[in-house]
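Right, one structure below, let's go through it.
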Amino acid sequence: MNAPVKFYQTGTFTVGNRLLAPEQRSVQASIERSNSLNSGHRACQGCGEALGARYAVDAAMRATDRQLVAVNATGCLEVFSTPYPETSWQLPWIHSLFGNAAAVATGVAAALKVKGKTRTRVIAQGGDGGTTDIGFGCLSGMFERNDDVLYICYDNEAYMNTGVQRSSATPPAARTNTTMAVGPEPGAVFGQGKNVPLIAMAHEIPYVATATVADLRDLESKVERAMSVHGARYLHVLVPCPLGWGSASQDTIKLARLARETGIFPVFEAERGEVTAVTRIRQRVPVEAYLKPQKRFAHLFGSPGQPEMVAHIQANADRNMRRFKLLDEPEA
Ligand SMILES: Cc1ncc(C[n+]2csc(CCOP(=O)(O)OP(=O)(O)O)c2C)c(N)n1
Ligand code: SF4
């Protein structure tokens, strides 16, 4: 008797998607994937940004039937992929300035509209520095005008391309080259920075989502969802950076998963300012499991360490769990 084989890893932590029905497989498991970010680029081993961009742009290519233009802010993604005169990009791709990717993408979308090329869609992408700091004004304008662009921020939580300086997405206590691990409160201070997914929601744009490179099919489906609507859309992807985080290159996926499972990085979707879906935490994990493998947090541990700062980070994660209702079982 032929019984269908059941693959228990479906929906678990593994990718393993070549074992799935074709319609459930990720873009990367398809022989028709576009390979928009091709091999040969110069990202570090284990670069979360390279992985995230590869999946996100290929998913956008599939969703638009390859009618896609990408605008890229200055930063690691641009630098490692396009050392002139070479490029790893296999789609129309424009390097903007560090701070104006959103505005350039707005212009490309407007030009396509004027030319009647309504099938061709536009994405803009950049690091957290290019998005949450220097590009923030252009991004807010793009949101406010509801321009027809999907903006993707690859958040590695610092300015990595220029040697690991703090951005407004750098988490509290993290050591960077501008937030040194010295003094009574070492690392980035608590109470600074900004949460751009929430700010994007405050613009009440059609679609906002967060994702991590730990769940690539979730990332792909959010890109596809974003490309199915028009107007301003924002996707914020957590992408570990082994160089800047002081983590092992093989831990990139693990750390992205721990960021979600600890509640440090809530994964959710929102439409017109309202949260519509969250990825629940299946296995609650204390923040130490996420912090300890990263040298940027090494000053929090050991003797004497900074237990009160770890407790503060845990309190922030607990707040995320309450705010986004991340736990399967609500806390008593
Ligand atoms: C106006 C301007 N200021 C500074 C720079 C130098 N610069 C290039 S990339 C970069 C940091 C990029 O950081 P981020 O956007 O977080 O991207 P990442 O490299 O981390 O992916 C800086 C400061 C620049 N190119 N233009
Ligand atoms: S410094 Fe970080 S973001 Fe840049 S290429 Fe290396 S791992 Fe990727």
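Residue numbers start at 1 in each chain; chains themselves are named A, B, ... in the order of the structure tokens; ligands are numbered from 1 in the order shown.
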Would you name the residues within 12 Å of ligand 2, counting only C-alpha atoms and all ligand atoms, and put them as a ChimeraX atom specification? /A:41-53,74-81,126-129,154-165,238-252
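Residues with any atom within 8 Å of A:Gly231, counting only C-alpha atoms and excluding same-chain neighbours fewer than 4 positions away, are A:Asn146, A:Asp147, A:Asp148, A:Val149, A:Ile205, A:Pro206.
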Identify, with DSSP run on backbone atoms, the residues in stretch 7-172 of chain A assigned to alpha helix (DSSP H), and express the list as a ChimeraX atom specification. /A:48-63,76-81,101-114,128,136-144
Write out the residues from the selection above, keeping N, CA and C atoms, as a CSV table (one decimal), in the first residue's frame.
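Result went into result.csv, see below:
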chain,number,residue,atom,x,y,z
A,48,GLY,N,24.2,37.9,7.4
A,48,GLY,CA,22.7,37.8,7.3
A,48,GLY,C,22.1,38.8,6.3
A,49,GLU,N,22.8,39.9,6.0
A,49,GLU,CA,22.3,40.8,5.1
A,49,GLU,C,22.3,40.2,3.7
A,50,ALA,N,23.3,39.5,3.3
A,50,ALA,CA,23.4,38.9,2.0
A,50,ALA,C,22.3,37.8,1.8
A,51,LEU,N,22.1,37.1,2.9
A,51,LEU,CA,21.1,36.0,2.9
A,51,LEU,C,19.7,36.6,2.8
A,52,GLY,N,19.4,37.6,3.6
A,52,GLY,CA,18.1,38.3,3.6
A,52,GLY,C,17.8,38.9,2.2
A,53,ALA,N,18.8,39.6,1.7
A,53,ALA,CA,18.6,40.3,0.4
A,53,ALA,C,18.3,39.2,-0.7
A,54,ARG,N,19.1,38.2,-0.7
A,54,ARG,CA,18.9,37.1,-1.7
A,54,ARG,C,17.5,36.6,-1.7
A,55,TYR,N,17.0,36.3,-0.5
A,55,TYR,CA,15.6,35.8,-0.5
A,55,TYR,C,14.6,36.8,-0.8
A,56,ALA,N,14.8,38.0,-0.2
A,56,ALA,CA,13.7,39.0,-0.4
A,56,ALA,C,13.6,39.5,-1.9
A,57,VAL,N,14.8,39.7,-2.5
A,57,VAL,CA,14.7,40.2,-3.9
A,57,VAL,C,14.2,39.1,-4.8
A,58,ASP,N,14.7,37.9,-4.6
A,58,ASP,CA,14.1,36.8,-5.5
A,58,ASP,C,12.6,36.6,-5.3
A,59,ALA,N,12.2,36.8,-4.1
A,59,ALA,CA,10.7,36.7,-3.8
A,59,ALA,C,10.0,37.8,-4.5
A,60,ALA,N,10.6,39.0,-4.5
A,60,ALA,CA,9.9,40.1,-5.2
A,60,ALA,C,10.0,39.9,-6.7
A,61,MET,N,11.0,39.3,-7.2
A,61,MET,CA,11.1,39.0,-8.6
A,61,MET,C,10.0,38.0,-9.0
A,62,ARG,N,9.8,37.0,-8.2
A,62,ARG,CA,8.8,36.0,-8.6
A,62,ARG,C,7.4,36.7,-8.5
A,63,ALA,N,7.2,37.5,-7.5
A,63,ALA,CA,5.9,38.1,-7.3
A,63,ALA,C,5.6,39.1,-8.4
A,76,CYS,N,26.8,48.1,3.3
A,76,CYS,CA,27.4,46.8,3.0
A,76,CYS,C,26.8,46.1,1.8
A,77,LEU,N,25.5,46.1,1.7
A,77,LEU,CA,24.8,45.4,0.6
A,77,LEU,C,25.3,45.9,-0.7
A,78,GLU,N,25.4,47.2,-0.8
A,78,GLU,CA,25.8,47.9,-2.1
A,78,GLU,C,27.3,47.6,-2.3
A,79,VAL,N,28.1,47.8,-1.2
A,79,VAL,CA,29.5,47.7,-1.4
A,79,VAL,C,30.0,46.3,-1.7
A,80,PHE,N,29.4,45.3,-1.0
A,80,PHE,CA,29.9,43.9,-1.3
A,80,PHE,C,29.4,43.4,-2.6
A,81,SER,N,28.3,44.0,-3.1
A,81,SER,CA,27.7,43.4,-4.4
A,81,SER,C,28.2,44.1,-5.6
A,101,ALA,N,17.7,56.7,-0.8
A,101,ALA,CA,17.1,55.5,-1.6
A,101,ALA,C,15.6,55.6,-1.7
A,102,ALA,N,14.9,56.0,-0.6
A,102,ALA,CA,13.5,56.1,-0.7
A,102,ALA,C,13.0,57.2,-1.7
A,103,ALA,N,13.7,58.3,-1.8
A,103,ALA,CA,13.4,59.4,-2.7
A,103,ALA,C,13.7,58.9,-4.1
A,104,VAL,N,14.8,58.3,-4.4
A,104,VAL,CA,15.1,57.8,-5.7
A,104,VAL,C,14.1,56.8,-6.2
A,105,ALA,N,13.7,55.9,-5.3
A,105,ALA,CA,12.7,54.9,-5.6
A,105,ALA,C,11.4,55.5,-6.0
A,106,THR,N,11.0,56.6,-5.2
A,106,THR,CA,9.8,57.3,-5.5
A,106,THR,C,9.9,57.9,-6.9
A,107,GLY,N,11.0,58.4,-7.3
A,107,GLY,CA,11.2,59.0,-8.6
A,107,GLY,C,11.1,57.9,-9.7
A,108,VAL,N,11.7,56.7,-9.5
A,108,VAL,CA,11.6,55.6,-10.4
A,108,VAL,C,10.2,55.2,-10.6
A,109,ALA,N,9.5,55.1,-9.5
A,109,ALA,CA,8.0,54.7,-9.6
A,109,ALA,C,7.2,55.7,-10.4
A,110,ALA,N,7.5,57.0,-10.1
A,110,ALA,CA,6.8,58.1,-10.8
A,110,ALA,C,7.1,58.0,-12.3
A,111,ALA,N,8.4,57.8,-12.7
A,111,ALA,CA,8.8,57.8,-14.1
A,111,ALA,C,8.1,56.6,-14.8
A,112,LEU,N,8.0,55.4,-14.1
A,112,LEU,CA,7.4,54.3,-14.7
A,112,LEU,C,5.9,54.5,-14.9
A,113,LYS,N,5.3,55.3,-14.0
A,113,LYS,CA,3.9,55.6,-14.1
A,113,LYS,C,3.7,56.5,-15.3
A,114,VAL,N,4.5,57.5,-15.5
A,114,VAL,CA,4.4,58.4,-16.6
A,114,VAL,C,4.6,57.7,-17.9
A,128,ASP,N,20.3,49.7,8.3
A,128,ASP,CA,19.6,50.4,9.3
A,128,ASP,C,20.1,51.9,9.4
A,136,PHE,N,16.0,58.7,6.9
A,136,PHE,CA,14.7,58.7,7.5
A,136,PHE,C,13.7,59.7,7.0
A,137,GLY,N,14.2,60.9,6.7
A,137,GLY,CA,13.3,62.0,6.2
A,137,GLY,C,12.7,61.6,4.8
A,138,CYS,N,13.6,61.1,3.9
A,138,CYS,CA,13.1,60.6,2.6
A,138,CYS,C,12.1,59.5,2.8
A,139,LEU,N,12.4,58.6,3.7
A,139,LEU,CA,11.5,57.4,4.0
A,139,LEU,C,10.1,57.9,4.5
A,140,SER,N,10.1,58.8,5.4
A,140,SER,CA,8.9,59.3,6.0
A,140,SER,C,8.1,60.0,4.9
A,141,GLY,N,8.8,60.7,4.0
A,141,GLY,CA,8.1,61.4,2.9
A,141,GLY,C,7.4,60.4,2.0
A,142,MET,N,8.2,59.3,1.7
A,142,MET,CA,7.7,58.2,0.8
A,142,MET,C,6.4,57.6,1.4
A,143,PHE,N,6.5,57.4,2.8
A,143,PHE,CA,5.3,56.8,3.5
A,143,PHE,C,4.1,57.8,3.4
A,144,GLU,N,4.4,59.0,3.7
A,144,GLU,CA,3.3,60.0,3.8
A,144,GLU,C,2.6,60.3,2.5
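For the atom pair formed by atom CA of A:Pro85 and atom 17 (O, counted along the ligand's line) of ligand 1, the distance is 21.0 Å, given to one decimal.
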So the first atom is atom CA of A:Phe98 and the second is atom CA of A:Glu204; what is the distance between them in Å, to one decimal place? 25.5 Å
Expected answer as a PyMOL selection string: strand (DSSP E) residues in stretch 47-81 of chain A: chain A and resi 68-72
List as a list in words the protein and nucleic acid residues near A:Lys292, meaning an atom at most 9 Å away when only C-alpha atoms are counted, but skip any in the same chain fewer than 6 places from it.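 Answer for this query is Ala298, Leu300 and Phe301 of chain A.
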Those residues with all heavy atoms, as a CSV table (one decimal), in the first residue's frame please?
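Generated output (result.csv):
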chain,number,residue,atom,x,y,z
A,298,ALA,N,29.7,41.1,25.5
A,298,ALA,CA,30.6,40.3,26.4
A,298,ALA,C,30.7,41.0,27.7
A,298,ALA,O,30.9,40.3,28.8
A,298,ALA,CB,31.9,40.1,25.7
A,300,LEU,N,28.7,42.3,29.5
A,300,LEU,CA,27.5,42.1,30.4
A,300,LEU,C,27.7,40.8,31.3
A,300,LEU,O,27.0,40.7,32.3
A,300,LEU,CB,26.2,41.9,29.6
A,300,LEU,CG,25.8,43.1,28.7
A,300,LEU,CD1,24.5,42.8,28.1
A,300,LEU,CD2,25.8,44.4,29.5
A,301,PHE,N,28.7,40.0,30.9
A,301,PHE,CA,28.8,38.7,31.6
A,301,PHE,C,30.2,38.6,32.2
A,301,PHE,O,31.1,39.4,32.0
A,301,PHE,CB,28.5,37.6,30.6
A,301,PHE,CG,27.2,37.7,30.0
A,301,PHE,CD1,27.0,38.2,28.7
A,301,PHE,CD2,26.1,37.3,30.8
A,301,PHE,CE1,25.7,38.3,28.2
A,301,PHE,CE2,24.8,37.5,30.2
A,301,PHE,CZ,24.6,38.0,29.0
